[in-house]
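Written below as C-alpha cells is the structure these notes are about.
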Amino acid sequence: MATRQRRERRDTIRVLHVDDHSDFAEMVTTFLERENDRFETEAVASASDGLARLADSSFDCVISDYDMPDADGIEFLKTVREKHSDLPFILFTGKGSETVASEAISAGVTDYLQKSSGTEQYKLLAHRITNAVEQSQSKQRVQEEQQRFRTLFDRLSQPTVEVRYKNSEPIVTQVNSAFEDVFGYESNNIVGDSLDAHIVPDDRIDEAESMNQYVQAGGRLESREVIRETADGLRQFLLENAVCDNGLGGFFIYTDISDRVEREETLERNRDLLRHTEQLATVGGWEADVETGEIFWTRGTYAIHDLDPTGEFEPSVETAIEFYHPDDQTTVEQAVEKCRTQGEAYEVDVRLITAEDEEKWVCITGEAVYDGDDIVKIQGAICDITQQRKRRQELEQIETLFQNTQDHLFLINVDESFTIERLNPAWEATPGISVEESRGRTIQDVLGGKEAQKVEEKYQKCVEQRKELEYEERIRFGDEYIQWETRLAPVIVDDEVEYIAGSSRDITERHERRQELSKLKQQYQTLAENFPNGAVYLIDDNFEYVRARGEALKQADLSPADIEGHTPHEVFPDELADETCKHFEQAFNGNTTVVEQEYRNKRYRIRVTPVDGNGNTTKTNTETETEIARVMAVAQDITQYVEDRRELHRQNKQLDEFASVVSHDLRNPLTVAKGNLELLREECNSDDQREQVDKIDSALTRMDELIESILTLARANEQIGSVESVNLAELSQNCWQNVETTDATIHLDITATQTVTVKADVNRLAQLLENLMRNAIEHARNQDDDDDVDKNENVTITIGELTDGFYIADDGDGISEGDRDDVFEAGYTTSKHGTGFGLSIVKQVVEAHGWEISITESADGGARFEVTNVEMSRSESTQLESNRMNSE
C-alpha cells in the first residue's frame, strides 16, 4: 500500500508558482498542465504566501518570479533554502541579467529561465520542471538505497568489514556490529587503521599479505580457512570476500568455524549415529528410544539449544518438543508420531526457542530404526539454518534491488561475441531495447557497427586487465544519443573471467549541466580577472587570501602573487588591515558587511560576504547552522563616484542659491514695479498713455511668468517624493480647474468599467498634467493673429489610457516632425505668450519617475503626448463613462 502511494505521489508533480501577476500565473498553469497531465499547479501572489504554503503542504518543485512586492525571487529562494535545501527551485523571470543569474546560482537555484513572448517558453519550462523533479527524486532514491544497504550491513550476523587498499594495506572504512562483538574493537577505534595490524597473528602475516595481493588483483576468496585474533583469543574462520571499486577494496566476511571442529571430532566417534547430520552439514544429531522415550543428543545438538552438555538438563521427546515455537510444536509432534508408528521419515523446517530465549530456524530430520519388523528407535539430525534463511532473504533483497534499481544493470557472457546474459528492467526505458528479446543476443546485434565496437573494446580491456573499469561513454540507441556513466567488474570463476557485471547510469542531463557549469565557471573566472574598477578576493578561515583578481590590483601596483597566500597585515597598512580583519571575522560569524576604505589615494566600497561549503554565499542561519568555509570580499573603486557626488552637491547648492536669488532678489523689484505701475495708471489721462501702461503691465506679467517657470524648472531635477496610487481621472479633473480654460473643453477617455491608477508622486504628476494642458490651450489660442479671437472657441483636450501609460491630445494644428525633438528644450517656444519652459518641466517630471514621453499626431490632427513605461493598475469599479466638462 505504501509503495503504491509513493508511486502515485511521484506520478503527480506538485508545483508551487509564485508570481504577483495572477493573470500570467493562470496562463502558465494552463500551458503547463496542457504540456504534461502529471502537473498539479498552485499559484500564489507573493513570497510570503509561498512560504506559508510550503509550511502547510508539500510540493515537488517551486517556480518563482524575480520582481515581487514584498520580497524578490532571490530573497524568497534564500528563505526556502533554509528549510528545503534539496527542493527544486526554478527562477522564471522577465528580469534577465547576469547579476540576477549569478545571485540565483549563489543562492542555490536549481534552474534559471527568462520569460519570453512566445508559447515555446512553457514547453521549455515544463521540461525543466520534469528534469529537476526527476533528478531530485533519483537522488532521494539513492539515499534510500544507501540507507537500506547500511541497515543490511549492520544486521549481518557474521562479522563483516569493508576495506580500501592503500599502499597494499587493507585500511578499514567500516565494520558491522557482529565484527565489534566477535573481535572486540569498536568502530571508531579501528576505522582508518590497517585491518591486518589488529586481527592477524604475527605468524600469519605472510599469509595475509599473499591474500591481499590476490584480492587486489581482482581475486575472490571462497571459504578460505584462516586463524584470527579475537576478543576471546585465536579463533578459526572461513573467510570470503567481495571485490569492488576497481580492486581498490571490498568486503571481508568471517564465519566462525571453531565449534565446527569440535563437532567434527564428535561425529568421528559417532559415525553411524550421525549419518543424517553429515547430510545436513554435520551440526547436530540425536537418537530416541521408542519404548522408554529417552533421547540422546550430540554436543552439536546441545549447542543449538544453548545448553551445556555436562549440565543437569536431561532431554526426552517431550522436553525436546517443548523447545519449539508454540505454533510449530504440533508439526513436530505429528512428524515424530508418524515416524514412530508408521516408519515415515520426515524433514521439516521449524522455529526453535533456545534456553537463552533466542529464536532460531532449524531443519530437523528423522527416520525409523528397525529391529526386525519392529521400530525400536528414531535417529535424526538437527541443523541451524538461521543464517541460510537470512542469506536467502539477502539474496532475495539483492534480486529485488536488481529488479527495481534505476541504474541500468547488465551481465555479459565473455564468449567470442560478448553475449547478453541478463538485463534489469531499467533498460526498458532505453530506445530500441527489450529486456526479454536482448537476452542471448550479442552486443553487435543490439548496437551494431561502430557503437558496438566501442563497447566491445571496453569489455575486452576489462577481461585482459582482470579489474574493474569506470568510465563515461556516449552511445547511440536508436535515434537518440545517451551519455552514460559505466562501471564494469570481471566475474572470475576458476581463475577465468567468465562474465562481466556492469552498471550504467544515464547522466545526459548531468553531463550537459556540467558543461554549462564549466563554461559558467570560466566566465566567472574571466569576470573576476577583469573585474572593472575593482577586485574580488576569496579568504580562508586563517584570514589568508586564497584568490585575488581584478583590474584594481594593477591600479594599486599589486599583483595576485602579492596578495594570495598572505594575510591583510602582510599586504596593507596596520590600521587598514585591522579594520579588514574585523569585517572578515564578522563574515565568518555569518554576517554580511559593507564598508568604504581608502588605499593609495583611491576610495573603495567593499562588500564582505560569508560563503558556505558548497561555494554559495550565505547568511546567518541558526536552525541549519550552515558551515561557512570561505569569505568573499568584492571591492569597487568609487573614487570618481565620490568626486561626482561632491560636485553634484556643489552644483545643487549653487542651484538653490540661484533659485533664492530669482525668488527674492528679482521678484521684490518686480513687485515694486507693478505697484508703481498701478499708481501710474491712475494718473493716465489719455488712451495713448493707458495703452503704454498696458504694454508695461503685459511685460511685467510675462517676466513674472518667466520667473515662476525658471523656479519650477530649477527644482524639477529634485527626486520624486513618496509614490502612491493616483486616480488618473480624478487628478486630471482637479488639474483642469487650476488651468485657464476659457473656450476649452476636456474629454476623459478612460476605459469603461475600470478605474485607472498610476504609481506616481501626485504633486509632480499634477505639474506634468497642468503644463501639458496649458501648452495645448496656449498654442491653440495663438495659432493665428490676436485679432482672430473666434477661431478657437472649442479647443478640446483628450486624456486617454494606453497599455502601459496614458496620453494627452488636442485638436489644434499639432507639432511638426521637425520641431518634436526641440520642444522639450528649456526656453523653446512657438507661442507669443508661452515661456518655453512648460514642456521642459514635463520631460524632467517624466524622467524623474523613470517614464518615457513621445509626440505623435492626434486623431484630430493636433498634438498627442504619450507617456509610457508607467506602472498602471486597473480594478473593477463603478463604470466611469466618457465625460465632457466645460469650464467657462
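Ordered as shown in the C-alpha cells, chains take letters A, B, and onward, while each chain numbers its residues from 1 and ligands are numbered from 1 in the order shown.
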Quiz item: Which residues come within 8 Å of A:Gly73, counting only C-alpha atoms, excluding same-chain residues fewer than 4 positions away, as a ChimeraX atom specification?
Solution: /A:47,64-68,77,91
Practice problem: Run DSSP on the backbone and give me the residues of stretch 194-422 of chain A it puts in helix (DSSP H, G or I), as a PyMOL selection string. | Solution: chain A and resi 195-199+202-216+258-269+275-279+299-304+317-321+329-342+386-404
Quiz item: Rounded to one decimal in Å, what is the spacing between atom CA of A:Leu411 and atom CA of A:Leu395?
Solution: 16.6 Å
Exercise. For stretch 509-513 of chain A, work out the shell of residues within 12 Å, counting only C-alpha atoms and skipping chain neighbours fewer than 6 positions away, then give it as a list in words.
Key: Thr110, Asp111, His127, Arg128, Thr130, Asn131, Ala132, Glu134, Gln135, Glu472, Glu473, Arg474, Tyr481, Ile482, Gln483, Trp484, Glu485, Lys519, Leu520 and Lys521 of chain A
Quiz item: Any idea what's packed within 8 Å of A:Ile353, counting only C-alpha atoms, ignoring anything in its chain fewer than 2 positions away? Could you give it as a PyMOL selection string?
Solution: chain A and resi 305+323-325+351+355-360
Quiz item: Residues at most 12 Å from A:Gly432, counting only C-alpha atoms, excluding those fewer than 5 positions away in the same chain, as a ChimeraX atom specification?
Solution: /A:427,437-438,445-448,476-481
Practice problem: Pick out each residue of stretch 209-394 of chain A that DSSP on the backbone tags as strand (DSSP E); I need them as a PyMOL selection string. | Solution: chain A and resi 224-230+233-244+249-256+285-289+295-297+346-353+359-371+374-384
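Here atom CA of A:Phe402 stands at a distance of 8.3 Å from atom CA of A:Pro425.
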Exercise. Please identify all polymer residues within 8 Å of stretch 14-28 of chain A, counting only C-alpha atoms, omitting same-chain residues fewer than 2 positions from it, and present them as a PyMOL selection string.
Key: chain A and resi 12+30-32+39-47+50+58-65+68-69+122
Quiz item: How many Å lie between atom CA of A:Ala381 and atom CA of A:Gly284, rounded to one decimal?
Solution: 5.6 Å
Exercise. Tell me which protein, DNA and RNA residues are within 7 Å of stretch 181-198 of chain A, counting only C-alpha atoms, leaving out same-chain ones fewer than 6 positions away, and put them as an MDAnalysis selection string.
Key: chainID A and resid 159 169:175 230:231
Next, dump the selected residues to file, keeping only N, CA, C and O atoms, as a PDB file, in the first residue's frame.
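The resulting file, result.pdb, is reproduced below:
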ATOM      1  N   PRO A 159      30.579 -11.461  11.258  1.00  0.00           N
ATOM      2  CA  PRO A 159      31.486 -10.309  11.301  1.00  0.00           C
ATOM      3  C   PRO A 159      31.873  -9.896   9.881  1.00  0.00           C
ATOM      4  O   PRO A 159      32.365 -10.709   9.099  1.00  0.00           O
ATOM      5  N   GLU A 169      48.000  -2.012   1.952  1.00  0.00           N
ATOM      6  CA  GLU A 169      47.453  -2.260   3.286  1.00  0.00           C
ATOM      7  C   GLU A 169      45.926  -2.156   3.237  1.00  0.00           C
ATOM      8  O   GLU A 169      45.387  -1.192   2.697  1.00  0.00           O
ATOM      9  N   PRO A 170      45.198  -3.136   3.820  1.00  0.00           N
ATOM     10  CA  PRO A 170      43.727  -3.057   3.854  1.00  0.00           C
ATOM     11  C   PRO A 170      43.277  -2.110   4.969  1.00  0.00           C
ATOM     12  O   PRO A 170      43.199  -2.499   6.134  1.00  0.00           O
ATOM     13  N   ILE A 171      42.950  -0.864   4.586  1.00  0.00           N
ATOM     14  CA  ILE A 171      42.547   0.148   5.563  1.00  0.00           C
ATOM     15  C   ILE A 171      41.037   0.018   5.813  1.00  0.00           C
ATOM     16  O   ILE A 171      40.240   0.012   4.887  1.00  0.00           O
ATOM     17  N   VAL A 172      40.644  -0.066   7.078  1.00  0.00           N
ATOM     18  CA  VAL A 172      39.247  -0.277   7.456  1.00  0.00           C
ATOM     19  C   VAL A 172      38.449   0.998   7.214  1.00  0.00           C
ATOM     20  O   VAL A 172      38.838   2.082   7.664  1.00  0.00           O
ATOM     21  N   THR A 173      37.311   0.877   6.488  1.00  0.00           N
ATOM     22  CA  THR A 173      36.407   2.018   6.291  1.00  0.00           C
ATOM     23  C   THR A 173      35.137   1.886   7.116  1.00  0.00           C
ATOM     24  O   THR A 173      34.558   2.882   7.523  1.00  0.00           O
ATOM     25  N   GLN A 174      34.680   0.642   7.375  1.00  0.00           N
ATOM     26  CA  GLN A 174      33.518   0.441   8.255  1.00  0.00           C
ATOM     27  C   GLN A 174      33.445  -1.021   8.670  1.00  0.00           C
ATOM     28  O   GLN A 174      33.919  -1.907   7.961  1.00  0.00           O
ATOM     29  N   VAL A 175      32.866  -1.278   9.853  1.00  0.00           N
ATOM     30  CA  VAL A 175      32.643  -2.632  10.353  1.00  0.00           C
ATOM     31  C   VAL A 175      31.219  -2.716  10.869  1.00  0.00           C
ATOM     32  O   VAL A 175      30.616  -1.702  11.242  1.00  0.00           O
ATOM     33  N   THR A 230      40.838 -12.667  18.143  1.00  0.00           N
ATOM     34  CA  THR A 230      39.562 -12.076  18.530  1.00  0.00           C
ATOM     35  C   THR A 230      39.611 -11.648  19.988  1.00  0.00           C
ATOM     36  O   THR A 230      40.627 -11.827  20.676  1.00  0.00           O
ATOM     37  N   ALA A 231      38.480 -11.109  20.454  1.00  0.00           N
ATOM     38  CA  ALA A 231      38.408 -10.697  21.855  1.00  0.00           C
ATOM     39  C   ALA A 231      38.556 -11.887  22.795  1.00  0.00           C
ATOM     40  O   ALA A 231      38.972 -11.730  23.955  1.00  0.00           O
TER      41      ALA A 231
END
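Comparing A:Met872, A:Val350, A:Val435, A:Val243 by their smallest distance to A:Asp384, the closest is A:Val350 (using only C-alpha atoms).
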